[in-house]
file input-v5.txt (compact mmCIF, C-alpha atoms)
# COMPACT_ATOMS: atom_id res chain seq x y z
CA MET A 1 19.57 0.92 11.26
CA LYS A 2 22.02 3.83 11.02
CA ALA A 3 23.08 4.78 7.51
CA GLN A 4 26.81 5.03 7.00
CA LEU A 5 29.62 4.58 4.54
CA GLU A 6 29.32 1.03 3.23
CA LYS A 7 32.61 -0.89 3.20
CA ILE A 8 32.75 -3.14 0.16
CA THR A 9 35.31 -5.92 -0.13
CA SER A 10 35.96 -7.86 -3.33
CA LEU A 11 36.80 -11.54 -3.43
CA PRO A 12 40.50 -12.49 -3.00
CA GLN A 13 40.77 -13.65 -6.63
CA SER A 14 38.95 -10.66 -8.16
CA SER A 15 39.44 -6.88 -8.27
CA PHE A 16 35.68 -6.23 -8.20
CA LYS A 17 32.53 -7.82 -6.84
CA VAL A 18 29.60 -9.52 -8.61
CA PHE A 19 26.81 -11.10 -6.61
CA LYS A 20 23.16 -12.06 -6.66
CA TYR A 21 20.94 -10.61 -3.95
CA GLU A 22 17.81 -12.50 -2.89
CA ASN A 23 15.71 -11.69 0.13
CA GLN A 24 12.14 -11.01 1.20
CA SER A 25 12.71 -7.33 0.45
CA PHE A 26 15.41 -4.76 -0.26
CA ASP A 27 16.49 -3.75 3.23
CA ALA A 28 19.65 -1.69 2.65
CA PRO A 29 19.40 1.80 4.17
CA TRP A 30 20.16 5.07 2.38
CA HIS A 31 23.91 4.70 1.91
CA PHE A 32 26.91 5.48 -0.28
CA HIS A 33 30.32 4.01 -1.09
CA PRO A 34 33.34 4.98 -3.22
CA GLU A 35 32.75 2.07 -5.60
CA TYR A 36 30.74 2.37 -8.81
CA GLU A 37 27.71 0.12 -8.76
CA LEU A 38 25.52 -1.45 -11.45
CA VAL A 39 22.18 -2.79 -10.20
CA PHE A 40 19.84 -5.00 -12.22
CA ILE A 41 16.47 -5.83 -10.63
CA GLU A 42 15.38 -9.34 -11.58
CA LYS A 43 12.28 -9.37 -9.38
CA SER A 44 10.44 -6.92 -7.09
CA ASN A 45 9.08 -3.39 -7.29
CA GLY A 46 8.84 -0.31 -5.12
CA ILE A 47 10.50 3.09 -4.86
CA ARG A 48 14.07 3.84 -5.88
CA TYR A 49 16.04 6.72 -4.32
CA VAL A 50 19.14 7.99 -6.13
CA GLY A 51 20.45 11.36 -4.98
CA ASP A 52 17.39 13.61 -5.07
CA SER A 53 15.51 11.31 -7.46
CA VAL A 54 12.40 9.47 -6.23
CA MET A 55 11.09 6.99 -8.80
CA GLU A 56 9.19 3.73 -8.95
CA PHE A 57 11.06 0.62 -10.02
CA GLU A 58 10.05 -2.84 -11.20
CA GLU A 59 11.55 -5.92 -12.82
CA ASN A 60 14.33 -5.25 -15.36
CA ASP A 61 15.28 -1.96 -13.72
CA LEU A 62 18.93 -1.21 -14.59
CA VAL A 63 20.83 1.63 -12.92
CA LEU A 64 24.48 2.70 -12.89
CA LEU A 65 25.55 4.58 -9.76
CA GLY A 66 28.61 6.79 -9.57
CA SER A 67 31.13 6.90 -6.76
CA ASN A 68 29.70 8.16 -3.43
CA LEU A 69 26.21 8.73 -4.85
CA PRO A 70 23.64 8.05 -2.06
CA HIS A 71 21.01 5.49 -2.98
CA CYS A 72 18.63 2.79 -1.82
CA TRP A 73 15.80 0.64 -3.15
CA LYS A 74 12.72 0.32 -0.92
CA ASN A 75 9.77 -2.02 -1.29
CA THR A 76 6.29 -0.75 -0.54
CA GLU A 77 3.70 -2.39 1.68
CA GLU A 78 1.84 -3.44 -1.45
CA ASN A 79 4.79 -5.59 -2.53
CA LYS A 80 5.12 -8.87 -0.61
CA SER A 81 7.11 -10.88 -3.18
CA THR A 82 10.77 -11.89 -3.05
CA ALA A 83 13.35 -9.30 -4.06
CA LYS A 84 16.07 -10.42 -6.48
CA SER A 85 18.87 -8.45 -8.09
CA ILE A 86 22.33 -8.80 -9.61
CA VAL A 87 24.89 -6.26 -8.44
CA VAL A 88 28.36 -5.37 -9.73
CA GLN A 89 30.64 -3.10 -7.65
CA TRP A 90 34.08 -1.86 -8.68
CA ARG A 91 36.55 0.82 -7.68
CA SER A 92 37.78 3.43 -10.15
CA ASP A 93 41.21 1.75 -10.23
CA PHE A 94 40.02 -1.87 -10.55
CA MET A 95 42.05 -2.19 -13.80
CA GLY A 96 44.95 -0.18 -12.45
CA LYS A 97 45.33 3.54 -11.90
CA GLY A 98 44.43 5.59 -14.99
CA TRP A 99 43.16 2.58 -16.98
CA ASN A 100 40.35 4.57 -18.58
CA GLU A 101 42.66 7.33 -19.85
CA GLY A 102 43.34 5.29 -22.98
CA VAL A 103 41.62 6.43 -26.16
CA GLU A 104 39.84 3.06 -26.36
CA PHE A 105 37.94 3.92 -23.19
CA THR A 106 36.85 7.48 -24.06
CA THR A 107 33.11 6.75 -24.12
CA ILE A 108 33.31 4.65 -20.95
CA LYS A 109 35.14 7.47 -19.15
CA LYS A 110 32.43 9.96 -20.18
CA MET A 111 29.69 7.60 -19.01
CA LEU A 112 31.32 7.04 -15.61
CA LYS A 113 31.51 10.81 -15.18
CA ARG A 114 27.78 11.11 -15.96
CA SER A 115 27.04 8.34 -13.46
CA SER A 116 27.71 10.80 -10.63
CA ARG A 117 23.99 11.61 -11.05
CA GLY A 118 22.89 7.99 -11.59
CA ILE A 119 21.94 6.61 -15.02
CA HIS A 120 18.78 4.61 -15.71
CA PHE A 121 18.99 2.38 -18.79
CA LYS A 122 16.01 1.17 -20.82
CA GLY A 123 14.94 -0.92 -23.81
CA GLU A 124 17.17 -3.38 -25.65
CA THR A 125 20.19 -2.22 -23.67
CA VAL A 126 18.70 -3.81 -20.54
CA GLU A 127 18.09 -7.11 -22.34
CA LYS A 128 21.70 -7.29 -23.54
CA ILE A 129 23.16 -6.40 -20.13
CA ALA A 130 20.90 -8.85 -18.27
CA VAL A 131 22.31 -11.75 -20.29
CA LEU A 132 25.89 -10.70 -19.55
CA LEU A 133 25.29 -10.13 -15.84
CA ARG A 134 23.73 -13.56 -15.40
CA ALA A 135 26.72 -15.10 -17.18
CA MET A 136 29.18 -13.25 -14.93
CA LEU A 137 27.85 -15.02 -11.85
CA ASN A 138 29.42 -18.30 -13.01
CA GLN A 139 32.52 -17.08 -14.81
CA ARG A 140 36.17 -17.33 -13.79
CA PRO A 141 37.80 -14.07 -12.56
CA PHE A 142 39.49 -13.32 -15.90
CA GLU A 143 36.29 -13.97 -17.86
CA LYS A 144 34.36 -11.74 -15.44
CA THR A 145 36.77 -8.88 -16.08
CA ILE A 146 36.38 -9.18 -19.85
CA THR A 147 32.59 -9.34 -19.48
CA LEU A 148 32.54 -6.27 -17.22
CA LEU A 149 34.46 -4.30 -19.84
CA LYS A 150 31.95 -5.47 -22.45
CA VAL A 151 29.08 -4.39 -20.19
CA LEU A 152 30.63 -0.94 -19.74
CA ASP A 153 31.19 -0.63 -23.48
CA ILE A 154 27.56 -1.48 -24.30
CA LEU A 155 26.26 0.91 -21.65
CA SER A 156 28.54 3.73 -22.82
CA GLU A 157 27.28 3.40 -26.40
CA SER A 158 23.61 3.16 -25.41
CA LYS A 159 21.23 5.99 -26.29
CA GLU A 160 18.46 4.44 -24.17
CA ASN A 161 19.23 6.12 -20.86
CA VAL A 162 18.29 9.04 -18.63
CA LEU A 163 20.04 10.78 -15.76
CA LEU A 164 18.31 10.39 -12.40
CA SER A 165 19.55 12.95 -9.90
CA GLY A 166 19.36 16.68 -10.56
CA ASP A 167 22.55 18.56 -11.46
CA ASN A 168 22.14 20.65 -8.31
CA PHE A 169 22.04 17.67 -5.97
CA ALA A 170 24.68 18.15 -3.26
CA ALA A 171 24.28 15.67 -0.44
CA LYS A 172 26.61 16.14 2.51
CA LEU A 173 28.22 12.75 2.73
CA ASN A 174 28.64 12.31 6.45
CA HIS A 175 27.22 9.94 9.01
CA LYS A 176 24.87 12.43 10.67
CA THR A 177 23.25 13.58 7.44
CA ASN A 178 22.81 10.06 6.09
CA GLU A 179 21.37 8.87 9.37
CA ARG A 180 18.79 11.65 9.23
CA ILE A 181 17.90 10.87 5.62
CA ASN A 182 17.49 7.19 6.38
CA VAL A 183 15.18 7.99 9.30
CA ILE A 184 13.13 10.26 7.04
CA HIS A 185 12.89 7.65 4.26
CA ASN A 186 11.77 4.95 6.66
CA PHE A 187 9.23 7.20 8.37
CA VAL A 188 7.69 8.33 5.07
CA SER A 189 7.42 4.75 3.77
CA GLU A 190 5.57 3.72 6.94
CA ASN A 191 3.32 6.78 7.35
CA TYR A 192 2.67 8.22 3.87
CA ASN A 193 -1.02 7.23 4.01
CA ARG A 194 -1.80 9.68 6.81
CA GLN A 195 -1.20 13.37 7.35
CA ILE A 196 2.44 14.10 8.21
CA THR A 197 3.25 17.46 9.78
CA LEU A 198 6.41 19.54 9.53
CA SER A 199 6.65 19.63 13.31
CA GLU A 200 6.53 15.84 13.42
CA MET A 201 9.35 15.51 10.91
CA ALA A 202 11.52 18.10 12.63
CA ASN A 203 11.11 16.37 16.00
CA LEU A 204 11.92 13.03 14.40
CA VAL A 205 15.46 14.18 13.56
CA ALA A 206 15.89 16.44 16.60
CA MET A 207 15.69 19.75 14.74
CA ASN A 208 13.39 22.75 14.83
CA GLU A 209 11.10 23.30 11.85
CA GLU A 210 13.16 26.07 10.26
CA SER A 211 16.39 24.09 10.51
CA PHE A 212 14.71 20.97 9.14
CA CYS A 213 13.41 22.87 6.11
CA ARG A 214 16.85 24.32 5.39
CA PHE A 215 18.50 20.91 5.83
CA PHE A 216 16.08 19.16 3.48
CA LYS A 217 16.17 21.88 0.83
CA LYS A 218 19.97 21.99 0.88
CA THR A 219 20.26 18.22 0.62
CA PHE A 220 17.57 17.49 -1.99
CA ASN A 221 17.08 20.83 -3.72
CA LYS A 222 13.35 20.53 -3.01
CA SER A 223 11.07 21.01 -0.01
CA PHE A 224 10.05 18.10 2.19
CA PHE A 225 6.42 18.32 1.10
CA THR A 226 7.41 18.29 -2.57
CA PHE A 227 9.39 15.13 -1.79
CA LEU A 228 6.44 13.65 0.13
CA ASN A 229 3.93 14.34 -2.65
CA GLU A 230 6.34 12.99 -5.23
CA TYR A 231 6.61 9.78 -3.20
CA LYS A 232 2.81 9.45 -2.90
CA ILE A 233 2.25 10.05 -6.61
CA LYS A 234 4.83 7.40 -7.53
CA LEU A 235 2.91 4.93 -5.37
CA ALA A 236 -0.31 5.98 -7.06
CA CYS A 237 1.28 5.33 -10.47
CA LYS A 238 2.14 1.79 -9.41
CA MET A 239 -1.41 1.13 -8.24
CA LEU A 240 -2.89 2.56 -11.44
CA ILE A 241 -0.78 0.11 -13.43
CA GLU A 242 -0.99 -2.95 -11.21
CA SER A 243 -4.58 -2.86 -9.92
CA ASP A 244 -8.16 -2.29 -11.06
CA LYS A 245 -8.99 0.01 -8.13
CA GLN A 246 -10.96 3.20 -8.73
CA VAL A 247 -8.95 6.44 -8.89
CA SER A 248 -10.66 7.69 -5.72
CA GLU A 249 -9.54 4.59 -3.79
CA ILE A 250 -6.01 4.87 -5.14
CA ALA A 251 -5.91 8.52 -4.06
CA PHE A 252 -7.00 7.54 -0.56
CA ARG A 253 -4.52 4.65 -0.36
CA SER A 254 -1.77 7.05 -1.46
CA GLY A 255 -2.50 9.31 1.47
CA TYR A 256 -4.78 11.92 -0.13
CA GLU A 257 -8.04 12.87 1.55
CA SER A 258 -8.92 15.40 -1.15
CA LEU A 259 -9.49 13.99 -4.65
CA PRO A 260 -9.09 17.40 -6.41
CA PHE A 261 -5.76 17.92 -4.63
CA PHE A 262 -4.67 14.44 -5.69
CA TYR A 263 -5.48 15.28 -9.33
CA ARG A 264 -3.51 18.53 -9.11
CA GLN A 265 -0.47 16.81 -7.62
CA PHE A 266 -0.65 13.97 -10.14
CA ASN A 267 -0.71 16.41 -13.05
CA LYS A 268 2.14 18.39 -11.48
CA PHE A 269 4.51 15.40 -11.25
CA ILE A 270 3.32 13.22 -14.14
CA GLY A 271 1.97 15.80 -16.57
CA CYS A 272 -1.43 14.22 -17.19
CA SER A 273 -4.48 12.88 -15.34
CA PRO A 274 -4.44 9.47 -13.60
CA LEU A 275 -6.77 7.94 -16.20
CA VAL A 276 -4.72 9.22 -19.14
CA TYR A 277 -1.58 7.84 -17.49
CA GLN A 278 -3.23 4.46 -17.01
CA GLN A 279 -4.46 4.32 -20.61
CA LYS A 280 -1.05 5.30 -22.00
CA TYR A 281 0.63 2.57 -19.98
CA LYS A 282 -1.85 -0.09 -21.09
CA ARG A 283 -1.45 0.88 -24.76
CA ALA A 284 2.34 0.78 -24.45
CA PHE A 285 2.44 -2.68 -22.89
CA SER A 286 -0.63 -4.40 -24.35

call {"tool": "encode", "arguments": {"input": "input-v5.txt", "output": "structure tokens"}}
result
Amino acid sequence: MKAQLEKITSLPQSSFKVFKYENQSFDAPWHFHPEYELVFIEKSNGIRYVGDSVMEFEENDLVLLGSNLPHCWKNTEENKSTAKSIVVQWRSDFMGKGWNEGVEFTTIKKMLKRSSRGIHFKGETVEKIAVLLRAMLNQRPFEKTITLLKVLDILSESKENVLLSGDNFAAKLNHKTNERINVIHNFVSENYNRQITLSEMANLVAMNEESFCRFFKKTFNKSFFTFLNEYKIKLACKMLIESDKQVSEIAFRSGYESLPFFYRQFNKFIGCSPLVYQQKYKRAFS
């Protein structure tokens, strides 16, 4: 599927869109759109891409995406369960041009500006927003508008959030670039557990190796192999949390033939050893 600008249409009786997504998996390609988007994951897990951010996601994942910020959620082969989410999409002028210039909306305006890098919310904020989003699905248009403003207010006042994409991320938002990125994402997700060469990747998107390296670095502000190892380590993190497999088996399943190299990469991206990471997670959620 070719990635492109996604055209979003709201319902005739509403100036924005709220819907529940349910499918076997998240199948949207790497894409962007001028609308802001709030995504709440009710069920599923995998890897989330927002700008140059590559992170694992699971149930209760809540992310606010700014206008034209490329993104997609991808399930891994390990995840065979149904994917469910609630999504809200709105244009910057959904309440009329300049609606957020009022002093009452100062914090919301600042938050929407920050969302150009994607914002991941955590803790009690997620619990509060989840209740409101579920209610919105059955509300009348006017009630939905009031609830959306309440959602934005709660999010703008929350201290439980982190920015996702780096401040140097500068994706070229055109069809050709997004098509290439989507091809790369799909290829990595299907072949991460074997050795992937630079020549192979360059040929995949009809470029020579030097051009491919420049393209990837310019788009993501990181090399392809940094991106690839980051992806593998995020998968390893999921397996450490969700399974009782030995670290050596997890390393192999993540695409690493060398255990020492796996340990070095894990420490580079996570800041600790696999076992320490696993123990910290179990203590936090036991």

call {"tool": "closest_residue", "arguments": {"input": "input-v5.txt", "among": "A:Cys237, A:Ile86, A:Ile196, A:Leu204", "to": "Gly255 of chain A", "atoms": "only C-alpha atoms"}}
result
A:Ile196

call {"tool": "closest_residue", "arguments": {"input": "input-v5.txt", "among": "A:Cys72, A:Ile47, A:Val39, A:Leu259", "to": "Ser85 of chain A", "atoms": "all atoms listed in the file"}}
result
A:Val39

call {"tool": "closest_residue", "arguments": {"input": "input-v5.txt", "among": "A:Asp153, A:Lys222, A:Tyr192, A:Ile184", "to": "Ala206 of chain A", "atoms": "all atoms listed in the file"}}
result
A:Ile184

call {"tool": "atom_distance", "arguments": {"input": "input-v5.txt", "atom1": "atom CA of Ile129 of chain A", "atom2": "atom CA of Leu164 of chain A"}}
result
19.1 Å

call {"tool": "closest_atom_pairs", "arguments": {"input": "input-v5.txt", "of": "segment 123-240 of chain A", "to": "segment 106-112 of chain A", "cutoff": "12 Å", "atoms": "all atoms listed in the file", "output": "CSV"}}
result
residue,atom,partner,partner_atom,distance
A:Leu148,CA,A:Ile108,CA,11.6
A:Leu149,CA,A:Ile108,CA,9.1
A:Lys150,CA,A:Ile108,CA,10.3
A:Val151,CA,A:Ile108,CA,10.0
A:Leu152,CA,A:Ile108,CA,6.3
A:Asp153,CA,A:Ile108,CA,6.2
A:Ile154,CA,A:Ile108,CA,9.0
A:Leu155,CA,A:Met111,CA,8.0
A:Ser156,CA,A:Ile108,CA,5.2
A:Glu157,CA,A:Thr107,CA,7.1
A:Ser158,CA,A:Met111,CA,9.9
A:Lys159,CA,A:Met111,CA,11.3
A:Asn161,CA,A:Met111,CA,10.7
A:Val162,CA,A:Met111,CA,11.5
A:Leu163,CA,A:Met111,CA,10.7

call {"tool": "closest_residue", "arguments": {"input": "input-v5.txt", "among": "A:Asn60, A:Asp93, A:Arg114, A:Thr177", "to": "Lys128 of chain A", "atoms": "all atoms listed in the file"}}
result
A:Asn60

call {"tool": "closest_residue", "arguments": {"input": "input-v5.txt", "among": "A:Ala202, A:Leu275, A:Ile181, A:Met239", "to": "Asn45 of chain A", "atoms": "only C-alpha atoms"}}
result
A:Met239

call {"tool": "atom_distance", "arguments": {"input": "input-v5.txt", "atom1": "atom CA of Ser53 of chain A", "atom2": "atom CA of Thr197 of chain A"}}
result
22.0 Å

call {"tool": "atom_distance", "arguments": {"input": "input-v5.txt", "atom1": "atom CA of Ser211 of chain A", "atom2": "atom CA of Phe187 of chain A"}}
result
18.5 Å

call {"tool": "closest_residue", "arguments": {"input": "input-v5.txt", "among": "A:Leu228, A:Ile119, A:Val18, A:Ile241", "to": "Gly166 of chain A", "atoms": "all atoms listed in the file"}}
result
A:Ile119

call {"tool": "residues_near_point", "arguments": {"input": "input-v5.txt", "point": "(26.1, -9.9, -6.8)", "cutoff": "12 Å", "atoms": "all atoms listed in the file", "output": "list in words"}}
result
Ile8, Ser10, Leu11, Phe16, Lys17, Val18, Phe19, Lys20, Tyr21, Glu22, Glu37, Leu38, Val39, Phe40, Ile41, Glu42, Lys84, Ser85, Ile86, Val87, Val88, Gln89, Trp90, Leu133, Arg134, Ala135, Met136, Leu137 and Asn138 of chain A

call {"tool": "residues_around", "arguments": {"input": "input-v5.txt", "residues": "Val205 of chain A", "least_positions_apart": "5", "cutoff": "12 Å", "atoms": "all atoms listed in the file", "output": "mmCIF file with C-alpha atoms, keeping the file's coordinate frame"}}
result
data_model
loop_
_atom_site.group_PDB
_atom_site.id
_atom_site.type_symbol
_atom_site.label_atom_id
_atom_site.label_comp_id
_atom_site.auth_asym_id
_atom_site.auth_seq_id
_atom_site.Cartn_x
_atom_site.Cartn_y
_atom_site.Cartn_z
ATOM 1 C CA LYS A 176 24.870 12.430 10.670
ATOM 2 C CA THR A 177 23.250 13.580 7.440
ATOM 3 C CA ASN A 178 22.810 10.060 6.090
ATOM 4 C CA GLU A 179 21.370 8.870 9.370
ATOM 5 C CA ARG A 180 18.790 11.650 9.230
ATOM 6 C CA ILE A 181 17.900 10.870 5.620
ATOM 7 C CA ASN A 182 17.490 7.190 6.380
ATOM 8 C CA VAL A 183 15.180 7.990 9.300
ATOM 9 C CA ILE A 184 13.130 10.260 7.040
ATOM 10 C CA HIS A 185 12.890 7.650 4.260
ATOM 11 C CA PHE A 187 9.230 7.200 8.370
ATOM 12 C CA LEU A 198 6.410 19.540 9.530
ATOM 13 C CA SER A 199 6.650 19.630 13.310
ATOM 14 C CA GLU A 200 6.530 15.840 13.420
ATOM 15 C CA SER A 211 16.390 24.090 10.510
ATOM 16 C CA PHE A 212 14.710 20.970 9.140
ATOM 17 C CA CYS A 213 13.410 22.870 6.110
ATOM 18 C CA PHE A 215 18.500 20.910 5.830
ATOM 19 C CA PHE A 216 16.080 19.160 3.480
#
